[in-house]
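Source file: start08.cif. Holds: mmCIF, C-alpha atoms and all ligand atoms.
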data_structure
loop_
_atom_site.group_PDB
_atom_site.id
_atom_site.type_symbol
_atom_site.label_atom_id
_atom_site.label_comp_id
_atom_site.auth_asym_id
_atom_site.auth_seq_id
_atom_site.Cartn_x
_atom_site.Cartn_y
_atom_site.Cartn_z
ATOM 1 C CA MET A 1 -35.894 26.121 -1.943
ATOM 2 C CA ALA A 2 -33.763 26.544 -5.064
ATOM 3 C CA ASP A 3 -31.500 29.548 -4.813
ATOM 4 C CA ARG A 4 -28.997 28.988 -7.606
ATOM 5 C CA SER A 5 -29.300 28.535 -11.317
ATOM 6 C CA ALA A 6 -27.358 26.765 -14.025
ATOM 7 C CA ARG A 7 -27.676 27.011 -17.786
ATOM 8 C CA LEU A 8 -27.482 23.597 -19.428
ATOM 9 C CA ARG A 9 -26.400 23.484 -23.089
ATOM 10 C CA VAL A 10 -27.650 20.099 -24.242
ATOM 11 C CA ARG A 11 -26.729 18.473 -27.536
ATOM 12 C CA ARG A 12 -29.853 17.419 -29.429
ATOM 13 C CA GLY A 13 -30.691 15.404 -32.504
ATOM 14 C CA THR A 14 -29.921 12.076 -34.124
ATOM 15 C CA SER A 15 -26.802 13.078 -36.016
ATOM 16 C CA LYS A 16 -23.460 13.993 -34.492
ATOM 17 C CA ARG A 17 -22.734 16.205 -37.491
ATOM 18 C CA ALA A 18 -26.122 17.918 -37.884
ATOM 19 C CA GLY A 19 -27.117 18.158 -34.217
ATOM 20 C CA ARG A 20 -27.756 21.378 -32.332
ATOM 21 C CA PHE A 21 -27.495 22.692 -28.781
ATOM 22 C CA ASP A 22 -30.588 23.671 -26.817
ATOM 23 C CA GLU A 23 -30.174 25.766 -23.681
ATOM 24 C CA PHE A 24 -32.210 25.397 -20.508
ATOM 25 C CA GLU A 25 -32.142 27.466 -17.323
ATOM 26 C CA VAL A 26 -32.460 25.240 -14.270
ATOM 27 C CA ALA A 27 -32.862 26.425 -10.685
ATOM 28 C CA TYR A 28 -31.166 24.095 -8.225
ATOM 29 C CA GLU A 29 -30.120 23.518 -4.655
ATOM 30 C CA ASP A 30 -26.672 22.444 -3.507
ATOM 31 C CA GLY A 31 -26.140 18.735 -4.018
ATOM 32 C CA MET A 32 -28.299 18.363 -7.109
ATOM 33 C CA SER A 33 -26.683 16.565 -10.049
ATOM 34 C CA VAL A 34 -26.587 17.135 -13.793
ATOM 35 C CA LEU A 35 -28.893 14.115 -14.107
ATOM 36 C CA ASP A 36 -31.342 15.779 -11.681
ATOM 37 C CA ALA A 37 -31.344 18.820 -13.992
ATOM 38 C CA LEU A 38 -31.842 16.706 -17.133
ATOM 39 C CA ARG A 39 -34.755 14.878 -15.495
ATOM 40 C CA TRP A 40 -36.258 18.213 -14.413
ATOM 41 C CA ILE A 41 -35.914 19.583 -17.955
ATOM 42 C CA ARG A 42 -37.661 16.519 -19.367
ATOM 43 C CA ALA A 43 -40.483 16.718 -16.811
ATOM 44 C CA ASN A 44 -41.015 20.499 -16.974
ATOM 45 C CA LEU A 45 -39.622 22.022 -20.168
ATOM 46 C CA ASP A 46 -39.132 19.475 -22.954
ATOM 47 C CA SER A 47 -40.558 15.975 -22.716
ATOM 48 C CA THR A 48 -38.804 15.000 -25.955
ATOM 49 C CA LEU A 49 -35.326 15.156 -24.411
ATOM 50 C CA ALA A 50 -33.808 11.662 -24.697
ATOM 51 C CA ILE A 51 -31.689 10.606 -21.708
ATOM 52 C CA ARG A 52 -30.821 7.260 -20.179
ATOM 53 C CA TYR A 53 -30.487 6.417 -16.485
ATOM 54 C CA SER A 54 -31.633 3.771 -14.064
ATOM 55 C CA CYS A 55 -30.409 4.007 -10.470
ATOM 56 C CA ILE A 56 -30.550 7.863 -10.428
ATOM 57 C CA ASN A 57 -27.730 8.456 -7.944
ATOM 58 C CA ALA A 58 -26.331 5.214 -6.637
ATOM 59 C CA ASN A 59 -23.542 5.096 -9.231
ATOM 60 C CA ALA A 60 -24.525 1.470 -9.767
ATOM 61 C CA CYS A 61 -26.132 1.138 -13.176
ATOM 62 C CA LYS A 62 -23.503 3.040 -15.225
ATOM 63 C CA THR A 63 -26.106 3.985 -17.831
ATOM 64 C CA CYS A 64 -26.156 7.763 -17.346
ATOM 65 C CA MET A 65 -22.765 8.452 -18.904
ATOM 66 C CA ALA A 66 -22.411 11.522 -21.085
ATOM 67 C CA ARG A 67 -19.804 14.139 -21.816
ATOM 68 C CA VAL A 68 -20.085 17.013 -19.318
ATOM 69 C CA ASN A 69 -17.998 20.081 -20.101
ATOM 70 C CA GLY A 70 -15.840 17.921 -22.367
ATOM 71 C CA LYS A 71 -15.231 15.060 -19.913
ATOM 72 C CA VAL A 72 -16.963 11.675 -19.890
ATOM 73 C CA GLU A 73 -18.822 11.500 -16.586
ATOM 74 C CA TYR A 74 -21.689 9.784 -14.806
ATOM 75 C CA THR A 75 -24.260 12.577 -14.937
ATOM 76 C CA CYS A 76 -25.747 11.403 -11.639
ATOM 77 C CA MET A 77 -22.415 12.046 -9.905
ATOM 78 C CA VAL A 78 -21.593 15.495 -11.315
ATOM 79 C CA LYS A 79 -22.969 18.278 -9.130
ATOM 80 C CA LEU A 80 -24.570 21.340 -10.663
ATOM 81 C CA THR A 81 -22.604 24.561 -10.504
ATOM 82 C CA PRO A 82 -23.600 28.114 -11.423
ATOM 83 C CA GLY A 83 -23.026 29.108 -15.034
ATOM 84 C CA VAL A 84 -23.020 27.136 -18.277
ATOM 85 C CA ILE A 85 -22.748 23.341 -18.274
ATOM 86 C CA THR A 86 -22.424 21.634 -21.667
ATOM 87 C CA VAL A 87 -23.808 18.092 -21.923
ATOM 88 C CA GLU A 88 -23.160 15.921 -24.972
ATOM 89 C CA PRO A 89 -23.536 12.235 -25.836
ATOM 90 C CA LEU A 90 -20.616 9.827 -25.486
ATOM 91 C CA PRO A 91 -18.176 10.623 -28.285
ATOM 92 C CA LYS A 92 -17.148 7.087 -29.285
ATOM 93 C CA ARG A 93 -20.557 5.371 -29.293
ATOM 94 C CA PRO A 94 -23.172 5.381 -32.070
ATOM 95 C CA LEU A 95 -25.704 8.118 -31.391
ATOM 96 C CA ILE A 96 -29.349 7.115 -31.057
ATOM 97 C CA ARG A 97 -30.851 10.493 -30.099
ATOM 98 C CA ASP A 98 -29.898 13.501 -27.952
ATOM 99 C CA LEU A 99 -27.822 12.085 -25.051
ATOM 100 C CA VAL A 100 -28.623 8.416 -25.693
ATOM 101 C CA THR A 101 -25.961 6.313 -27.381
ATOM 102 C CA ASP A 102 -25.808 2.626 -28.201
ATOM 103 C CA ILE A 103 -23.769 1.214 -25.314
ATOM 104 C CA VAL A 104 -24.507 -2.486 -25.825
ATOM 105 C CA PRO A 105 -21.429 -4.362 -27.051
ATOM 106 C CA GLU A 106 -22.010 -5.857 -30.512
ATOM 107 C CA GLU A 107 -21.495 -9.432 -29.241
ATOM 108 C CA GLU A 108 -24.187 -8.961 -26.568
ATOM 109 C CA LYS A 109 -26.958 -7.773 -28.866
ATOM 110 C CA LEU A 110 -29.853 -10.134 -29.350
ATOM 111 C CA GLU A 111 -29.563 -12.411 -32.349
ATOM 112 C CA ILE A 112 -32.975 -11.239 -33.565
ATOM 113 C CA SER A 113 -31.658 -7.663 -33.800
ATOM 114 C CA ARG A 114 -28.876 -8.702 -36.165
ATOM 115 C CA LYS A 115 -31.327 -10.645 -38.337
ATOM 116 C CA GLN A 116 -33.687 -7.679 -38.550
ATOM 117 C CA ARG A 117 -30.873 -5.412 -39.644
ATOM 118 C CA ALA A 118 -29.632 -7.825 -42.320
HETATM 119 S S1 LIG B 1 -27.952 6.706 -13.042
HETATM 120 FE FE1 LIG B 1 -27.006 4.853 -12.422
HETATM 121 S S2 LIG B 1 -24.875 5.314 -12.380
HETATM 122 FE FE2 LIG B 1 -25.850 7.182 -12.906
#
Let me see whether you can do it: turn the structure in this file into structure tokens.
Ligand code: FES
Amino acid sequence: MADRSARLRVRRGTSKRAGRFDEFEVAYEDGMSVLDALRWIRANLDSTLAIRYSCINANACKTCMARVNGKVEYTCMVKLTPGVITVEPLPKRPLIRDLVTDIVPEEEKLEISRKQRA
């Protein structure tokens, strides 16, 4: 049974300059991660929240990275704590939407993608 609560301030939007923060109250139990909270928000409060993850908590896929309270972290490894937790997209990657950034190196993108953009 959840007995604690955290307030997540989550950066939203498709523009780093014109984005906004949305705040969500999340009840949690000890051991739950920031990614657990983001997944709960998407399932219960706002299905439009864009996040990326794969392995959930094995620290294997490396796709859940975001800035948590100003530090780049794997959101599946950062435990929830009481109070406000600010979550933002990676600062040096092109923003796609909300917490999802383009993490594919340019040289590894499919050739068809480059042709479509040209
Ligand atoms: S979800 Fe795979 S490392 Fe975090």
Would you tabulate, counting all atoms listed in the file, all residues of chain A that have an atom at most 6 Å from an atom of ligand LIG 1 (chain B), showing the closest pair of atoms and their distance in Å to one decimal, sorted by chain then ascending number, as JSON lines?
{"residue": "A:Tyr53", "atom": "CA", "partner": "B:LIG1", "partner_atom": "S1", "distance": 4.3}
{"residue": "A:Ser54", "atom": "CA", "partner": "B:LIG1", "partner_atom": "S1", "distance": 4.8}
{"residue": "A:Cys55", "atom": "CA", "partner": "B:LIG1", "partner_atom": "FE1", "distance": 4.0}
{"residue": "A:Ile56", "atom": "CA", "partner": "B:LIG1", "partner_atom": "S1", "distance": 3.9}
{"residue": "A:Asn57", "atom": "CA", "partner": "B:LIG1", "partner_atom": "S1", "distance": 5.4}
{"residue": "A:Ala58", "atom": "CA", "partner": "B:LIG1", "partner_atom": "FE1", "distance": 5.8}
{"residue": "A:Asn59", "atom": "CA", "partner": "B:LIG1", "partner_atom": "S2", "distance": 3.4}
{"residue": "A:Ala60", "atom": "CA", "partner": "B:LIG1", "partner_atom": "S2", "distance": 4.7}
{"residue": "A:Cys61", "atom": "CA", "partner": "B:LIG1", "partner_atom": "FE1", "distance": 3.9}
{"residue": "A:Lys62", "atom": "CA", "partner": "B:LIG1", "partner_atom": "S2", "distance": 3.9}
{"residue": "A:Thr63", "atom": "CA", "partner": "B:LIG1", "partner_atom": "FE1", "distance": 5.6}
{"residue": "A:Cys64", "atom": "CA", "partner": "B:LIG1", "partner_atom": "FE2", "distance": 4.5}
{"residue": "A:Tyr74", "atom": "CA", "partner": "B:LIG1", "partner_atom": "FE2", "distance": 5.3}
{"residue": "A:Thr75", "atom": "CA", "partner": "B:LIG1", "partner_atom": "FE2", "distance": 6.0}
{"residue": "A:Cys76", "atom": "CA", "partner": "B:LIG1", "partner_atom": "FE2", "distance": 4.4}
Sorted by chain and rising residue number, list the residues of range 85-104 of chain A at most 7 Å from range 13-18 of chain A (counting only C-alpha atoms), each with its closest atom pair and distance in Å to one decimal, as a tab-separated table.
residue	atom	partner	partner_atom	distance
A:Leu95	CA	A:Thr14	CA	6.4
A:Ile96	CA	A:Thr14	CA	5.9
A:Arg97	CA	A:Thr14	CA	4.4
A:Asp98	CA	A:Gly13	CA	5.0
For Val87 in chain A, which residue among A:Arg11, A:Arg52, A:Arg42, A:Arg4 is the nearest when counting only C-alpha atoms? A:Arg11
12 Å contact set for Val26 in chain A, all atoms listed in the file, chain neighbours under 3 positions out, as a PyMOL selection string: chain A and resi 2-9+23+29+32-45+80-85
Draw an axis-aligned box tight on the listed atoms of range 34-53 of chain A, then pad every side by 3 Å and write out centre and edge lengths in Å to one decimal as AutoDock Vina command-line options.
--center_x -33.8 --center_y 14.2 --center_z -18.8 --size_x 20.4 --size_y 21.6 --size_z 20.3
Using all atoms listed in the file, which of the listed residues (A:Met77, A:Val100, A:Val10, A:Leu90) sits closest to Ala50 in chain A? A:Val100
Could you please determine the separation between CA of Pro91 in chain A and CA of Gly70 in chain A in Å, to one decimal place?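 It comes out at 9.7 Å.
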Between A:Val72, A:Glu108, A:Met65, A:Leu99, which residue has the minimum interatomic distance to Gly19 in chain A, considering all atoms listed in the file?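 Once distances to Gly19 in chain A are computed over all atoms listed in the file, the minimum belongs to A:Leu99.
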In Å to one decimal, how far is CA of Ser47 in chain A from CA of Pro89 in chain A?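 Between these atoms lies a distance of 17.7 Å.
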Here is a test: counting all atoms listed in the file, which residue of A:Lys79, A:Arg12, A:Arg20, A:Arg67 is nearest to Leu49 in chain A?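 Of all the options, A:Arg12 lies closest to Leu49 in chain A.
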Would you work out the distance separating CA of Glu73 in chain A from CA of Glu88 in chain A, expressed in Å to one decimal?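 Straight-line distance from CA of Glu73 in chain A to CA of Glu88 in chain A works out to 10.4 Å.
Proximity to Gly31 in chain A was assessed for A:Val78, A:Arg93, A:Leu110, A:Pro105 counting all atoms listed in the file; the smallest distance is recorded for A:Val78.
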Could you pull range 50-93 of chain A out of the block above and give me N, CA and C atoms, as an mmCIF file, in the first residue's frame?
data_model
loop_
_atom_site.group_PDB
_atom_site.id
_atom_site.type_symbol
_atom_site.label_atom_id
_atom_site.label_comp_id
_atom_site.auth_asym_id
_atom_site.auth_seq_id
_atom_site.Cartn_x
_atom_site.Cartn_y
_atom_site.Cartn_z
ATOM 1 N N ALA A 50 4.798 11.700 -23.231
ATOM 2 C CA ALA A 50 5.753 10.938 -24.050
ATOM 3 C C ALA A 50 6.988 10.610 -23.218
ATOM 4 N N ILE A 51 7.247 9.304 -23.051
ATOM 5 C CA ILE A 51 8.439 8.825 -22.359
ATOM 6 C C ILE A 51 9.010 7.675 -23.164
ATOM 7 N N ARG A 52 10.267 7.355 -22.913
ATOM 8 C CA ARG A 52 10.872 6.215 -23.604
ATOM 9 C C ARG A 52 11.530 5.312 -22.569
ATOM 10 N N TYR A 53 11.314 4.013 -22.694
ATOM 11 C CA TYR A 53 11.958 3.027 -21.835
ATOM 12 C C TYR A 53 11.792 1.680 -22.512
ATOM 13 N N SER A 54 12.554 0.705 -22.050
ATOM 14 C CA SER A 54 12.389 -0.635 -22.598
ATOM 15 C C SER A 54 12.472 -1.691 -21.510
ATOM 16 N N CYS A 55 13.603 -1.763 -20.797
ATOM 17 C CA CYS A 55 13.773 -2.867 -19.846
ATOM 18 C C CYS A 55 13.092 -2.611 -18.501
ATOM 19 N N ILE A 56 12.650 -1.407 -18.242
ATOM 20 C CA ILE A 56 11.934 -0.953 -17.046
ATOM 21 C C ILE A 56 12.837 -0.789 -15.826
ATOM 22 N N ASN A 57 13.602 -1.796 -15.433
ATOM 23 C CA ASN A 57 14.453 -1.567 -14.261
ATOM 24 C C ASN A 57 15.717 -2.415 -14.249
ATOM 25 N N ALA A 58 16.097 -2.922 -15.379
ATOM 26 C CA ALA A 58 17.286 -3.762 -15.414
ATOM 27 C C ALA A 58 18.549 -2.960 -15.688
ATOM 28 N N ASN A 59 18.396 -1.666 -15.954
ATOM 29 C CA ASN A 59 19.526 -0.810 -16.304
ATOM 30 C C ASN A 59 20.299 -1.411 -17.468
ATOM 31 N N ALA A 60 19.576 -1.951 -18.434
ATOM 32 C CA ALA A 60 20.209 -2.624 -19.566
ATOM 33 C C ALA A 60 20.002 -1.892 -20.879
ATOM 34 N N CYS A 61 18.851 -1.279 -21.056
ATOM 35 C CA CYS A 61 18.548 -0.721 -22.384
ATOM 36 C C CYS A 61 19.084 0.691 -22.566
ATOM 37 N N LYS A 62 19.267 1.426 -21.481
ATOM 38 C CA LYS A 62 19.806 2.797 -21.507
ATOM 39 C C LYS A 62 18.927 3.771 -22.282
ATOM 40 N N THR A 63 17.657 3.492 -22.409
ATOM 41 C CA THR A 63 16.783 4.380 -23.182
ATOM 42 C C THR A 63 15.952 5.328 -22.316
ATOM 43 N N CYS A 64 15.986 5.166 -21.008
ATOM 44 C CA CYS A 64 15.108 5.942 -20.137
ATOM 45 C C CYS A 64 15.769 7.204 -19.593
ATOM 46 N N MET A 65 16.904 7.582 -20.160
ATOM 47 C CA MET A 65 17.639 8.722 -19.621
ATOM 48 C C MET A 65 16.844 10.017 -19.726
ATOM 49 N N ALA A 66 16.940 10.803 -18.668
ATOM 50 C CA ALA A 66 16.341 12.134 -18.629
ATOM 51 C C ALA A 66 17.089 12.913 -17.556
ATOM 52 N N ARG A 67 16.809 14.186 -17.470
ATOM 53 C CA ARG A 67 17.410 14.990 -16.419
ATOM 54 C C ARG A 67 16.466 14.982 -15.223
ATOM 55 N N VAL A 68 16.952 14.521 -14.083
ATOM 56 C CA VAL A 68 16.158 14.437 -12.854
ATOM 57 C C VAL A 68 16.795 15.369 -11.825
ATOM 58 N N ASN A 69 16.030 16.369 -11.419
ATOM 59 C CA ASN A 69 16.557 17.381 -10.497
ATOM 60 C C ASN A 69 17.908 17.921 -10.972
ATOM 61 N N GLY A 70 17.996 18.157 -12.286
ATOM 62 C CA GLY A 70 19.184 18.795 -12.856
ATOM 63 C C GLY A 70 20.313 17.874 -13.229
ATOM 64 N N LYS A 71 20.198 16.575 -12.931
ATOM 65 C CA LYS A 71 21.273 15.624 -13.249
ATOM 66 C C LYS A 71 20.792 14.600 -14.257
ATOM 67 N N VAL A 72 21.613 14.281 -15.252
ATOM 68 C CA VAL A 72 21.246 13.233 -16.205
ATOM 69 C C VAL A 72 21.298 11.886 -15.492
ATOM 70 N N GLU A 73 20.177 11.166 -15.569
ATOM 71 C CA GLU A 73 20.042 9.910 -14.823
ATOM 72 C C GLU A 73 19.277 8.888 -15.672
ATOM 73 N N TYR A 74 19.388 7.618 -15.295
ATOM 74 C CA TYR A 74 18.460 6.613 -15.800
ATOM 75 C C TYR A 74 17.235 6.688 -14.893
ATOM 76 N N THR A 75 16.096 7.045 -15.438
ATOM 77 C CA THR A 75 14.916 7.242 -14.583
ATOM 78 C C THR A 75 14.490 5.951 -13.899
ATOM 79 N N CYS A 76 14.857 4.814 -14.464
ATOM 80 C CA CYS A 76 14.487 3.540 -13.826
ATOM 81 C C CYS A 76 15.361 3.229 -12.619
ATOM 82 N N MET A 77 16.443 3.974 -12.439
ATOM 83 C CA MET A 77 17.355 3.717 -11.322
ATOM 84 C C MET A 77 17.188 4.722 -10.189
ATOM 85 N N VAL A 78 16.546 5.862 -10.466
ATOM 86 C CA VAL A 78 16.390 6.893 -9.440
ATOM 87 C C VAL A 78 15.140 6.596 -8.624
ATOM 88 N N LYS A 79 15.310 6.451 -7.325
ATOM 89 C CA LYS A 79 14.172 6.145 -6.451
ATOM 90 C C LYS A 79 13.374 7.404 -6.133
ATOM 91 N N LEU A 80 12.082 7.240 -6.006
ATOM 92 C CA LEU A 80 11.213 8.349 -5.626
ATOM 93 C C LEU A 80 11.494 8.760 -4.188
ATOM 94 N N THR A 81 11.379 10.051 -3.950
ATOM 95 C CA THR A 81 11.543 10.597 -2.609
ATOM 96 C C THR A 81 10.389 11.570 -2.376
ATOM 97 N N PRO A 82 10.053 11.841 -1.121
ATOM 98 C CA PRO A 82 8.972 12.795 -0.872
ATOM 99 C C PRO A 82 9.363 14.178 -1.384
ATOM 100 N N GLY A 83 8.361 14.964 -1.761
ATOM 101 C CA GLY A 83 8.635 16.321 -2.218
ATOM 102 C C GLY A 83 8.612 16.435 -3.727
ATOM 103 N N VAL A 84 9.209 17.513 -4.232
ATOM 104 C CA VAL A 84 9.157 17.822 -5.664
ATOM 105 C C VAL A 84 10.346 17.200 -6.388
ATOM 106 N N ILE A 85 10.056 16.536 -7.505
ATOM 107 C CA ILE A 85 11.089 15.952 -8.355
ATOM 108 C C ILE A 85 10.872 16.523 -9.760
ATOM 109 N N THR A 86 11.877 17.214 -10.286
ATOM 110 C CA THR A 86 11.759 17.819 -11.610
ATOM 111 C C THR A 86 12.376 16.892 -12.644
ATOM 112 N N VAL A 87 11.612 16.601 -13.708
ATOM 113 C CA VAL A 87 12.080 15.688 -14.753
ATOM 114 C C VAL A 87 12.027 16.427 -16.086
ATOM 115 N N GLU A 88 13.168 16.445 -16.770
ATOM 116 C CA GLU A 88 13.281 17.165 -18.040
ATOM 117 C C GLU A 88 13.965 16.268 -19.074
ATOM 118 N N PRO A 89 13.813 16.589 -20.348
ATOM 119 C CA PRO A 89 14.494 15.792 -21.375
ATOM 120 C C PRO A 89 16.002 16.030 -21.338
ATOM 121 N N LEU A 90 16.749 15.152 -22.011
ATOM 122 C CA LEU A 90 18.200 15.318 -22.075
ATOM 123 C C LEU A 90 18.530 16.682 -22.685
ATOM 124 N N PRO A 91 19.468 17.403 -22.083
ATOM 125 C CA PRO A 91 19.700 18.778 -22.524
ATOM 126 C C PRO A 91 20.439 18.916 -23.849
ATOM 127 N N LYS A 92 21.234 17.919 -24.233
ATOM 128 C CA LYS A 92 22.076 18.091 -25.429
ATOM 129 C C LYS A 92 21.576 17.308 -26.634
ATOM 130 N N ARG A 93 20.378 16.761 -26.569
ATOM 131 C CA ARG A 93 19.812 15.989 -27.670
ATOM 132 C C ARG A 93 18.617 16.725 -28.245
#
